[in-house]
Structures are given as structure tokens and as C-alpha cells.
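What follows is the content of entry04.txt, which has compact mmCIF, C-alpha atoms:
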# COMPACT_ATOMS: atom_id res chain seq x y z
CA MET A 1 0.00 0.00 0.00
CA GLU A 2 2.90 2.35 0.79
CA GLY A 3 4.13 1.99 -2.79
CA LEU A 4 0.77 3.11 -4.21
CA LEU A 5 0.74 6.16 -1.94
CA GLU A 6 4.24 7.15 -3.09
CA LEU A 7 3.29 6.49 -6.72
CA GLY A 8 0.20 8.67 -6.33
CA GLN A 9 2.33 11.47 -4.89
CA GLU A 10 4.88 11.18 -7.70
CA LEU A 11 2.16 11.12 -10.38
CA GLU A 12 0.42 14.16 -8.92
CA GLU A 13 3.71 16.07 -8.75
CA THR A 14 4.65 15.06 -12.31
CA ILE A 15 1.25 16.07 -13.70
CA ARG A 16 1.53 19.40 -11.87
CA GLU A 17 5.00 19.97 -13.35
CA ILE A 18 3.70 19.17 -16.86
CA ASN A 19 0.85 21.62 -16.34
CA THR A 20 3.29 24.34 -15.24
CA MET A 21 5.55 23.77 -18.25
CA MET A 22 2.58 23.84 -20.64
CA TYR A 23 1.46 27.12 -19.07
CA ARG A 24 4.95 28.60 -19.51
CA SER A 25 4.92 27.62 -23.20
CA GLU A 26 1.75 29.66 -23.79
CA ARG A 27 2.45 32.55 -21.41
CA SER A 28 3.72 34.91 -24.13
CA ILE A 29 0.47 34.54 -26.09
CA LEU A 30 -1.63 35.18 -22.98
CA PHE A 31 0.53 38.19 -22.11
CA GLU A 32 0.20 39.55 -25.63
CA ALA A 33 -3.59 39.07 -25.54
CA ARG A 34 -3.63 40.64 -22.04
CA ILE A 35 -5.57 37.79 -20.48
CA SER A 36 -4.94 35.71 -17.39
CA ASN A 37 -4.82 31.93 -17.21
CA SER A 38 -8.28 31.98 -15.59
CA GLN A 39 -9.66 34.06 -18.44
CA PHE A 40 -8.08 31.67 -20.93
CA ASN A 41 -9.72 28.72 -19.17
CA ALA A 42 -13.10 30.45 -19.56
CA LEU A 43 -12.44 30.98 -23.29
CA LEU A 44 -11.39 27.34 -23.62
CA LYS A 45 -14.64 26.12 -22.03
CA LEU A 46 -16.67 28.34 -24.38
CA LYS A 47 -14.76 26.95 -27.37
CA GLU A 48 -15.30 23.40 -26.11
CA PHE A 49 -19.01 23.67 -25.21
CA GLY A 50 -20.28 26.64 -27.21
CA SER A 51 -22.56 29.28 -25.70
CA LEU A 52 -23.00 28.80 -21.96
CA THR A 53 -25.06 30.52 -19.33
CA MET A 54 -23.04 32.27 -16.66
CA GLY A 55 -24.15 29.57 -14.20
CA GLU A 56 -22.97 26.79 -16.49
CA LEU A 57 -19.61 28.50 -16.96
CA CYS A 58 -19.27 28.76 -13.16
CA LYS A 59 -19.76 25.00 -12.89
CA HIS A 60 -17.27 24.24 -15.67
CA LEU A 61 -14.64 26.46 -14.05
CA PHE A 62 -15.43 25.27 -10.51
CA THR A 63 -15.61 28.85 -9.29
CA ALA A 64 -18.02 31.35 -7.75
CA CYS A 65 -20.41 33.27 -9.98
CA SER A 66 -18.92 36.58 -8.82
CA THR A 67 -15.52 35.43 -10.08
CA VAL A 68 -16.96 34.43 -13.46
CA THR A 69 -18.78 37.75 -13.69
CA ASP A 70 -15.45 39.57 -13.23
CA LEU A 71 -13.80 37.30 -15.84
CA ALA A 72 -16.66 37.93 -18.27
CA ASP A 73 -16.41 41.69 -17.71
CA ARG A 74 -12.72 41.72 -18.64
CA LEU A 75 -13.18 39.34 -21.58
CA GLU A 76 -16.08 41.39 -22.90
CA ARG A 77 -14.08 44.63 -22.62
CA GLY A 78 -11.33 42.90 -24.62
CA GLY A 79 -13.77 41.97 -27.38
CA LEU A 80 -13.26 38.24 -26.75
CA VAL A 81 -16.79 37.34 -25.63
CA GLU A 82 -20.28 38.79 -25.64
CA ARG A 83 -23.07 38.45 -23.11
CA ILE A 84 -26.62 38.06 -24.31
CA ARG A 85 -29.71 38.04 -22.11
CA ASP A 86 -32.12 35.16 -22.65
CA VAL A 87 -35.25 36.29 -24.52
CA LYS A 88 -37.59 34.18 -22.38
CA ASP A 89 -35.97 34.87 -19.02
CA ARG A 90 -33.94 38.09 -18.80
CA ARG A 91 -32.30 36.88 -15.58
CA ILE A 92 -30.38 34.28 -17.61
CA VAL A 93 -27.27 35.58 -19.31
CA HIS A 94 -25.52 33.59 -22.05
CA ILE A 95 -21.86 34.14 -22.80
CA ASN A 96 -20.61 33.55 -26.34
CA LEU A 97 -17.10 33.31 -27.70
CA LEU A 98 -16.35 35.95 -30.33
CA PRO A 99 -13.94 35.41 -33.26
CA LYS A 100 -11.15 37.31 -31.47
CA GLY A 101 -11.54 35.02 -28.44
CA GLU A 102 -11.48 31.95 -30.66
CA GLU A 103 -8.26 33.21 -32.26
CA VAL A 104 -6.62 33.46 -28.83
CA VAL A 105 -7.69 29.91 -27.92
CA ASP A 106 -6.47 28.56 -31.27
CA ALA A 107 -3.12 30.36 -30.92
CA VAL A 108 -2.55 28.94 -27.44
CA ILE A 109 -3.50 25.42 -28.51
CA ARG A 110 -1.16 25.70 -31.51
CA GLU A 111 1.65 26.86 -29.21
CA ARG A 112 1.04 23.93 -26.88
CA GLN A 113 1.10 21.52 -29.82
CA VAL A 114 4.36 23.00 -31.16
CA PHE A 115 5.92 22.70 -27.70
CA LEU A 116 4.82 19.06 -27.40
CA GLU A 117 5.96 18.32 -30.95
CA LYS A 118 9.48 19.49 -30.05
CA ILE A 119 9.51 17.17 -27.06
CA MET A 120 7.98 14.24 -28.93
CA LYS A 121 10.71 14.40 -31.59
CA THR A 122 13.01 12.94 -28.93
CA TYR A 123 10.74 9.87 -28.59
CA SER A 124 10.68 6.84 -30.85
CA GLU A 125 7.40 5.95 -32.58
CA GLU A 126 6.92 3.09 -30.15
CA GLU A 127 7.55 5.32 -27.11
CA SER A 128 5.11 7.90 -28.47
CA ALA A 129 2.42 5.27 -29.00
CA VAL A 130 2.91 3.84 -25.51
CA LEU A 131 2.82 7.31 -23.94
CA LEU A 132 -0.37 8.30 -25.74
CA LYS A 133 -2.06 4.97 -24.97
CA THR A 134 -1.07 5.26 -21.30
CA LEU A 135 -2.34 8.83 -20.99
CA VAL A 136 -5.64 8.02 -22.73
CA ASN A 137 -6.03 5.02 -20.42
CA LEU A 138 -5.32 7.24 -17.38
CA VAL A 139 -7.96 9.77 -18.48
CA ASN A 140 -10.53 7.02 -19.09
CA ARG A 141 -9.93 5.49 -15.67
CA MET A 142 -10.05 8.89 -14.00
CA GLU A 143 -13.37 9.67 -15.72
CA LYS A 144 -14.76 6.33 -14.58
CA GLU A 145 -13.61 6.97 -11.00
CA GLU A 146 -14.95 10.52 -11.09
CA LYS A 147 -18.40 9.29 -12.13
CA ALA A 148 -18.40 6.75 -9.30
CA TYR A 149 -17.13 9.34 -6.78
CA ILE A 150 -19.19 12.40 -7.74
CA PRO A 151 -22.99 12.33 -8.03
CA GLU A 152 -24.13 12.46 -11.67
CA THR A 153 -25.73 15.87 -11.15
CA GLN A 154 -22.31 17.36 -10.40
CA VAL A 155 -20.37 15.75 -13.26
CA LEU A 156 -19.96 18.11 -16.20
Would you write the structure of this file as C-alpha cells?
Amino acid sequence: MEGLLELGQELEETIREINTMMYRSERSILFEARISNSQFNALLKLKEFGSLTMGELCKHLFTACSTVTDLADRLERGGLVERIRDVKDRRIVHINLLPKGEEVVDAVIRERQVFLEKIMKTYSEEESAVLLKTLVNLVNRMEKEEKAYIPETQVL
């Protein structure tokens, strides 16, 4: 059991390090676009899911509505998103990704891919295949565990 605990700690630390390095690879684009990592995550969710209500975006970002409202304010001022009130219920506000916001997301994703491509050139085809298969397997098992751990109403 001790070995699994240590492995879990090492995996968590390694994943955190990968996340930090990926963030550093895209930092210049975010700086140029004058957006924070949190704002980028909001743009990414809008690109992934399309138009979302402010409440839905809060759930996807695992953050308070007041925080998402501040993010949306800054993104809207930057011309990256637009807010539209629901025609049937004016209390509901939808947030949509604008072309400029989509360009930022695409640029960051491209930068991440270029960064990974540089790293993957040092791997053999077999190593690359094993790495990808292992990571996909990890994600699938994590999703399965998440669904068992979190009530269905909370899983996004």
C-alpha cells in the first residue's frame, strides 16, 4: 500500500510539473492578448461547449459566480466574448465566444502543440504510441472513478 501512496504522490507532482511547463509555453500569447490563465480557461470552455449561461460557466470552471462575472467583464471589454440576455428569461445571461476570443484559444492550442511536438521528436514511434495509450487510459480510468465518486448531477 505504501508503494501506491508514493506512486500517487509522484504522479500528482509530475502532472503538476507538466501543467506548469505547458502554461509557460503559452504565457507569451496570454501576455500579448492581455488575459490571465483563468480568463483563458473560460475561453477554452466556451470553445469546447459553445454558448454557456453564466451559471454553467461557473460550474465548468469550478468557481463562484462573482468570479466568473469579473472574468466575463474583462473578456467582454477585450472583445473576446459577448453576453446576451435570454429572450424568455432576462435573468439568464448567455456568454458567447467571439472570433477574437477563438483566435486566442487557437493560438494557445497551436503553441502547446508546437511545444509538445518538439519534445515528442526525442521519442521513438513506439515510445510515443505507448505514452499516448497510457495517458488516454489514465484519463478514461479517472473519468470512470470521477463518475463513481461524484454524483451524476455534479459531473460536467
- [ ] Can you pull out every residue within 9 Å of Leu61 in chain A, counting only C-alpha atoms, but drop anything in the same chain fewer than 4 positions away, and send it as a PyMOL selection string?
- [x] chain A and resi 38+41-42+45+56-57+68
Task: Distance in Å - CA of Leu71 in chain A versus CA of Gln39 in chain A - done: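 Separating CA of Leu71 in chain A from CA of Gln39 in chain A is a distance of 5.9 Å.
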TODO: Using only C-alpha atoms, find the one residue out of A:Val130, A:Met21, A:Ile29, A:Met54 that sits nearest to Asp70 in chain A.
DONE: A:Met54
Task: Closest of A:Val114, A:Leu131, A:Leu46, A:Lys144 to Pro99 in chain A - atom-to-atom distances counting only C-alpha atoms - done: A:Leu46
Task: Nearest to Leu43 in chain A by atom-to-atom distance, counting all atoms listed in the file, from A:Lys88, A:Lys133, A:Arg74, A:Arg110 - done: A:Arg74
Kindly provide the residues of range 30-123 of chain A that approach range 16-20 of chain A to within 12 Å, each paired with its closest atom pair and their distance in Å to one decimal, based on all atoms listed in the file, listed by chain and increasing number, as a tab-separated table.
residue	atom	partner	partner_atom	distance
A:Asn37	CA	A:Thr20	CA	11.3
A:Arg112	CA	A:Asn19	CA	10.8
A:Phe115	CA	A:Ile18	CA	11.6
A:Leu116	CA	A:Ile18	CA	10.6
A:Ile119	CA	A:Ile18	CA	11.9
Task: Selected residue of minimal separation from Glu26 in chain A among A:Ile84, A:Val108, A:Leu44, A:Ile92, counting all atoms listed in the file - done: A:Val108
Open item on the list: Counting all atoms listed in the file, which residues have an atom no more than 9 Å from (-16.1, 34.8, -29.4) in the file's coordinates? Please list them as a list in words.
Closed with: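 Final list of nearby residues, as requested, is Leu43, Leu46, Lys47, Gly79, Leu80, Val81, Glu82, Ile95, Asn96, Leu97, Leu98, Pro99, Lys100, Gly101, Glu102 and Glu103 of chain A.
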- [ ] Identify which of the residues A:Tyr23, A:Leu138, A:Glu145, A:Leu132 lies closest to Met120 in chain A, counting only C-alpha atoms when measuring atom-to-atom distances.
- [x]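 Among the listed residues, the smallest separation from Met120 in chain A belongs to A:Leu132.
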Take every atom of range 106-120 of chain A listed in the file, fit an axis-aligned box around them, add 8 Å per side, and give the centre and edge lengths in Å to one decimal as JSON.
{"center_x": 1.5, "center_y": 22.3, "center_z": -29.2, "size_x": 32.0, "size_y": 32.1, "size_z": 20.6}
Task: Gap from CA of Gln9 in chain A to CA of Leu135 in chain A - Å, one decimal - done: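 Calculated distance between CA of Gln9 in chain A and CA of Leu135 in chain A is 17.0 Å.
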- [ ] Please indicate the distance in Å from CA of Arg34 in chain A to CA of Gly78 in chain A, rounded to one decimal place.
- [x] 8.4 Å
TODO: Check the smallest atom-to-atom distance from each of A:Val104, A:Ile109, A:Cys65, A:Cys58 to Phe31 in chain A using only C-alpha atoms, then report the winner.
DONE: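 Among A:Val104, A:Ile109, A:Cys65, A:Cys58, it is A:Val104 that comes nearest to Phe31 in chain A.
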